[in-house]
$ cat final_7.tsv   # TSV, C-alpha atoms (C1' of nucleotides)
chain	number	residue	atom	x	y	z
H	66	MET	CA	0.00	0.00	0.00
H	67	ARG	CA	1.22	3.47	-0.82
H	68	GLY	CA	-0.03	7.03	-0.56
H	69	ARG	CA	0.71	10.67	0.09
H	70	ILE	CA	0.79	12.17	3.57
H	71	VAL	CA	-1.41	15.26	3.29
H	72	GLU	CA	-2.01	16.32	6.90
H	73	THR	CA	0.24	16.27	9.99
H	74	GLU	CA	0.60	17.77	13.44
H	75	ALA	CA	3.86	18.56	15.24
H	76	TYR	CA	4.46	17.77	18.91
H	77	PRO	CA	7.84	19.41	19.53
H	78	PRO	CA	10.07	19.11	22.62
H	79	GLY	CA	8.58	20.76	25.69
H	80	ASP	CA	5.03	20.85	24.29
H	81	ALA	CA	2.59	20.22	27.15
H	82	SER	CA	0.20	18.40	24.81
H	83	GLY	CA	2.87	15.95	23.65
H	84	HIS	CA	3.16	12.45	25.05
H	85	ALA	CA	6.84	13.01	25.83
H	86	PHE	CA	6.17	16.04	28.04
H	87	ARG	CA	6.42	14.19	31.36
H	88	GLY	CA	9.47	12.22	30.37
H	89	GLN	CA	10.03	8.74	29.04
H	90	THR	CA	7.67	5.93	30.01
H	91	ALA	CA	7.02	2.42	28.75
H	92	ARG	CA	4.35	3.72	26.44
H	93	ASN	CA	6.21	6.60	24.81
H	94	ARG	CA	9.75	5.24	24.72
H	95	SER	CA	9.75	5.11	20.90
H	96	LEU	CA	9.46	8.89	20.81
H	97	PHE	CA	12.99	9.11	22.18
H	98	LEU	CA	14.68	6.83	19.62
H	99	GLY	CA	15.92	9.59	17.31
H	100	THR	CA	14.65	10.90	13.98
H	101	GLY	CA	12.58	8.78	11.62
H	102	PHE	CA	11.12	6.03	13.81
H	103	ALA	CA	7.48	5.04	14.25
H	104	TYR	CA	5.69	5.83	17.51
H	105	VAL	CA	2.39	3.92	17.58
H	106	TYR	CA	-0.07	4.08	20.47
H	107	PHE	CA	-3.66	3.09	21.20
H	108	ILE	CA	-6.19	5.65	22.40
H	109	TYR	CA	-9.90	5.97	23.33
H	110	GLY	CA	-10.18	2.21	23.31
H	111	THR	CA	-10.73	2.35	19.58
H	112	SER	CA	-7.90	3.87	17.59
H	113	TYR	CA	-4.23	3.53	16.83
H	114	MET	CA	-2.17	6.61	15.99
H	115	LEU	CA	1.05	6.79	13.98
H	116	ASN	CA	3.77	9.36	14.63
H	117	VAL	CA	7.15	9.90	13.04
H	118	THR	CA	9.81	10.77	15.60
H	119	ALA	CA	11.52	14.05	14.95
H	120	GLU	CA	14.46	14.79	17.22
H	121	GLU	CA	17.85	13.37	18.09
H	122	PRO	CA	18.04	10.33	20.37
H	123	GLY	CA	17.00	11.05	23.93
H	124	ILE	CA	14.71	13.95	23.03
H	125	GLY	CA	11.01	13.08	22.84
H	126	ALA	CA	9.19	14.65	19.91
H	127	GLY	CA	7.14	13.53	16.95
H	128	VAL	CA	4.83	14.31	14.09
H	129	LEU	CA	1.34	12.79	14.06
H	130	LEU	CA	0.21	11.61	10.62
H	131	ARG	CA	-3.42	12.70	10.39
H	132	ALA	CA	-4.43	11.99	6.81
H	133	PHE	CA	-3.25	10.07	3.81
H	134	GLU	CA	-4.22	10.11	0.14
H	135	PRO	CA	-4.40	6.48	-1.02
H	136	LEU	CA	-2.45	5.75	-4.21
H	137	GLU	CA	-1.82	2.00	-4.33
H	138	GLY	CA	-3.32	-0.99	-2.57
H	139	ILE	CA	-6.70	0.68	-2.30
H	140	GLU	CA	-8.60	-2.61	-2.30
H	141	GLN	CA	-6.59	-3.81	0.66
H	142	MET	CA	-7.26	-0.58	2.55
H	143	GLU	CA	-10.98	-0.97	1.83
H	144	ARG	CA	-10.92	-4.39	3.47
H	145	TYR	CA	-9.15	-3.17	6.60
H	146	ARG	CA	-11.40	-0.13	6.88
H	147	LYS	CA	-14.61	-1.97	6.02
H	148	THR	CA	-15.69	0.78	3.66
H	149	SER	CA	-15.29	1.49	-0.03
H	150	LYS	CA	-15.55	5.25	0.25
H	151	LEU	CA	-12.21	6.44	-1.07
H	152	LEU	CA	-12.40	9.74	0.77
H	153	ASP	CA	-12.94	8.03	4.12
H	154	LEU	CA	-10.19	5.40	3.85
H	155	ALA	CA	-7.47	7.38	5.61
H	156	ARG	CA	-9.03	10.74	6.48
H	157	GLY	CA	-8.17	11.06	10.17
H	158	PRO	CA	-5.32	9.59	12.22
H	159	GLY	CA	-7.19	6.53	13.49
H	160	ARG	CA	-8.52	5.72	10.05
H	161	LEU	CA	-5.07	6.13	8.52
H	162	ALA	CA	-3.69	3.55	10.95
H	163	THR	CA	-6.58	1.16	10.32
H	164	ALA	CA	-6.26	1.47	6.54
H	165	LEU	CA	-2.59	0.52	6.68
H	166	GLN	CA	-3.23	-2.07	9.41
H	167	ILE	CA	-0.87	-0.30	11.77
H	168	ASP	CA	-0.86	-1.40	15.39
H	169	GLN	CA	1.57	-1.73	18.31
H	170	ARG	CA	3.65	-4.27	16.42
H	171	LEU	CA	5.03	-1.37	14.39
H	172	ASP	CA	5.92	0.74	17.41
H	173	GLY	CA	9.62	1.61	17.21
H	174	VAL	CA	10.15	0.55	13.59
H	175	ASP	CA	12.80	2.50	11.65
H	176	LEU	CA	10.89	4.28	8.87
H	177	CYS	CA	14.02	5.17	6.90
H	178	THR	CA	15.16	1.66	6.00
H	179	ASP	CA	13.60	-1.38	4.34
H	180	GLY	CA	10.94	-2.96	6.49
H	181	PRO	CA	7.18	-3.34	6.93
H	182	LEU	CA	6.61	0.42	6.94
H	183	TRP	CA	8.72	3.23	5.54
H	184	LEU	CA	8.76	6.83	4.35
H	185	GLY	CA	9.39	7.48	0.66
H	186	THR	CA	10.05	10.66	-1.26
H	187	SER	CA	7.52	13.32	-2.19
H	188	VAL	CA	5.14	12.28	-4.97
H	189	GLY	CA	3.47	14.54	-7.51
H	190	ASN	CA	3.00	18.27	-7.34
H	191	THR	CA	2.60	19.56	-3.81
H	192	ALA	CA	0.16	22.43	-3.41
H	193	LEU	CA	0.63	25.18	-0.86
H	194	VAL	CA	0.81	24.02	2.75
H	195	GLY	CA	-1.60	25.62	5.18
H	196	THR	CA	-1.34	25.78	8.97
H	197	SER	CA	-3.87	25.74	11.80
H	198	VAL	CA	-4.27	24.89	15.44
H	199	ARG	CA	-4.11	21.21	16.32
H	200	ILE	CA	-7.19	19.04	16.68
H	201	GLY	CA	-8.40	17.24	19.79
H	202	ILE	CA	-5.95	18.57	22.38
H	203	SER	CA	-6.52	20.65	25.51
H	204	GLN	CA	-3.01	22.00	26.20
H	205	GLU	CA	-1.05	24.57	24.17
H	206	VAL	CA	-4.21	24.99	22.15
H	207	GLY	CA	-3.19	28.11	20.24
H	208	ARG	CA	-0.05	26.89	18.53
H	209	LEU	CA	-0.19	26.65	14.73
H	210	LEU	CA	1.35	23.21	14.46
H	211	ARG	CA	-1.08	21.45	12.16
H	212	PHE	CA	-0.01	21.33	8.51
H	213	PHE	CA	-2.02	20.30	5.46
H	214	GLU	CA	-2.01	20.52	1.70
H	215	ILE	CA	-4.44	23.30	0.83
H	216	GLY	CA	-7.40	22.10	-1.20
H	217	ASN	CA	-6.70	18.40	-0.84
H	218	PRO	CA	-9.97	16.50	-0.31
H	219	PHE	CA	-8.37	13.78	1.82
H	220	ILE	CA	-7.92	16.05	4.85
H	221	SER	CA	-9.65	15.58	8.22
H	222	GLY	CA	-11.10	18.02	10.70
H	223	PRO	CA	-13.50	20.96	10.51
H	224	LYS	CA	-13.56	22.69	7.16
H	225	ALA	CA	-12.83	26.03	8.79
H	226	LEU	CA	-9.41	24.73	9.85
H	227	SER	CA	-8.29	23.78	6.36
H	228	ARG	CA	-8.75	27.02	4.44
H	229	LYS	CA	-5.28	28.52	4.71
X	1007	DA	C1'	-6.33	0.37	44.12
X	1008	DA	C1'	-9.50	3.40	41.90
X	1009	DG	C1'	-10.62	7.16	38.75
X	1010	DA	C1'	-10.28	10.32	35.06
X	1011	DA	C1'	-8.76	11.85	30.59
X	1012	DG	C1'	-7.27	10.98	26.25
X	1013	DA	C1'	-3.37	13.61	19.51
X	1014	DT	C1'	-10.95	9.34	17.81
X	1015	DT	C1'	-14.57	7.07	15.25
X	1016	DC	C1'	-19.15	5.66	14.23
X	1017	DG	C1'	-24.01	5.70	14.22
X	1018	DC	C1'	-28.04	8.19	14.98
X	1019	DT	C1'	-30.87	12.56	15.02
L	1109	DG	C1'	-24.13	17.94	16.27
L	1110	DC	C1'	-24.13	14.44	20.23
L	1111	DG	C1'	-23.03	10.51	22.90
L	1112	DA	C1'	-21.34	5.81	23.32
L	1113	DA	C1'	-17.68	2.59	22.67
L	1114	DT	C1'	-13.53	0.85	24.83
L	1115	DC	C1'	-8.76	0.46	26.98
L	1116	DT	C1'	-4.28	2.16	28.33
L	1117	DT	C1'	-1.69	5.20	31.13
L	1118	DC	C1'	-0.89	8.38	34.59
L	1119	DT	C1'	-2.37	10.59	38.88
L	1120	DT	C1'	-3.96	10.55	43.49
L	1121	DA	C1'	-5.21	8.38	47.83

$ encode --input "final_7.tsv" --output "C-alpha cells"
Amino acid sequence: MRGRIVETEAYPPGDASGHAFRGQTARNRSLFLGTGFAYVYFIYGTSYMLNVTAEEPGIGAGVLLRAFEPLEGIEQMERYRKTSKLLDLARGPGRLATALQIDQRLDGVDLCTDGPLWLGTSVGNTALVGTSVRIGISQEVGRLLRFFEIGNPFISGPKALSRK
DNA sequence: AAGAAGATTCGCT
DNA sequence: GCGAATCTTCTTA
C-alpha cells in the first residue's frame, strides 16, 4: 500500500500536549529513539495513531500523521477499513492507521530503511501548505502546528481549519 | 487500588 | 451535532 501524507501535526520538545512532556515511560519510549522512527499508540479504546519521531536520540518529539491520500493498494485498505468510500479510507489519524493495518507491532520501527513500513520521497506536485491549530488537544491549544495541503480532499477536521 | 482523561470514530438525530 | 464505545496510562489516595 502506498499514498501521500497530506495532513500532519507537530508535537515538539517541551510541548505540554505531547506524550513526551512528562518524560520517558514504557508507552512513549519510541518517541525518544531519534529521527525517523514510528511511535504507535492506542487511544480511546478504539484507535491507533502513527507518529514519526523528529528529534535526536534522547529527546522526545514527533509528528502525528493525520491523513493520507491512497495511491496504491486501495482494495486492501478498503478491506481493513470496512468501507469502499475512497475519501474516508485514511481521512483522520485513526482511520489512517486502520487502513494501513498499523498497530503496536510497528511501534519503534525504523521508517528510513527497508521494512514493513517506511517513508518514501515526495510524490506529484505539492500544493501550498496551510497551517492551523491542532485538533483534539486541551493543552497549548493556540499553537499553529497542524499542517495540510491546501485544497486536498483527503484532509480531516472541521472545514474552517483547512482554508489557509 | 480506583478514577479520570485521552493527539478518535461511528451511528443516529 | 451528540453521545457511546472501549482500553491504556498516569495521577492521586

$ atom_distance --input "final_7.tsv" --atom1 "atom CA of H:Asn190" --atom2 "atom CA of H:Phe219"
15.3 Å

$ closest_atom_pairs --input "final_7.tsv" --of "chain L" --to "chain H" --cutoff "10 Å" --atoms "all atoms listed in the file" --output "JSON lines"
{"residue": "L:DA1113", "atom": "C1'", "partner": "H:Gly110", "partner_atom": "CA", "distance": 7.5}
{"residue": "L:DT1114", "atom": "C1'", "partner": "H:Gly110", "partner_atom": "CA", "distance": 3.9}
{"residue": "L:DC1115", "atom": "C1'", "partner": "H:Gly110", "partner_atom": "CA", "distance": 4.3}
{"residue": "L:DT1116", "atom": "C1'", "partner": "H:Ile108", "partner_atom": "CA", "distance": 7.1}
{"residue": "L:DT1117", "atom": "C1'", "partner": "H:Arg92", "partner_atom": "CA", "distance": 7.8}
{"residue": "L:DC1118", "atom": "C1'", "partner": "H:Arg87", "partner_atom": "CA", "distance": 9.9}

$ interface_residues --input "final_7.tsv" --of "chain H" --to "chain X" --cutoff "10 Å" --atoms "all atoms listed in the file" --output "ChimeraX atom specification"
/H:74-76,82-84,108-116,128-131,157-160,199-203

$ axis_aligned_box --input "final_7.tsv" --around "stretch 1114-1117 of chain L" --padding-each-side "8 Å" --output "JSON"
{"center_x": -7.6, "center_y": 2.8, "center_z": 28.0, "size_x": 27.8, "size_y": 20.7, "size_z": 22.3}

$ atom_distance --input "final_7.tsv" --atom1 "atom CA of H:Arg69" --atom2 "atom CA of H:Cys177"
15.9 Å

$ residues_around --input "final_7.tsv" --residues "H:Leu176" --least-positions-apart "3" --cutoff "6 Å" --atoms "all atoms listed in the file" --output "list of chain:residue names"
H:Gly101, H:Phe102, H:Trp183, H:Leu184

$ write_last_selection --input "final_7.tsv" --atoms "C-alpha atoms" --output "PDB file, keeping the file's coordinate frame"
ATOM      1  CA  GLY H 101      12.580   8.780  11.620  1.00  0.00           C
ATOM      2  CA  PHE H 102      11.120   6.030  13.810  1.00  0.00           C
ATOM      3  CA  TRP H 183       8.720   3.230   5.540  1.00  0.00           C
ATOM      4  CA  LEU H 184       8.760   6.830   4.350  1.00  0.00           C
TER       5      LEU H 184
END

$ atom_distance --input "final_7.tsv" --atom1 "atom CA of H:Gln141" --atom2 "atom CA of H:Met66"
7.6 Å
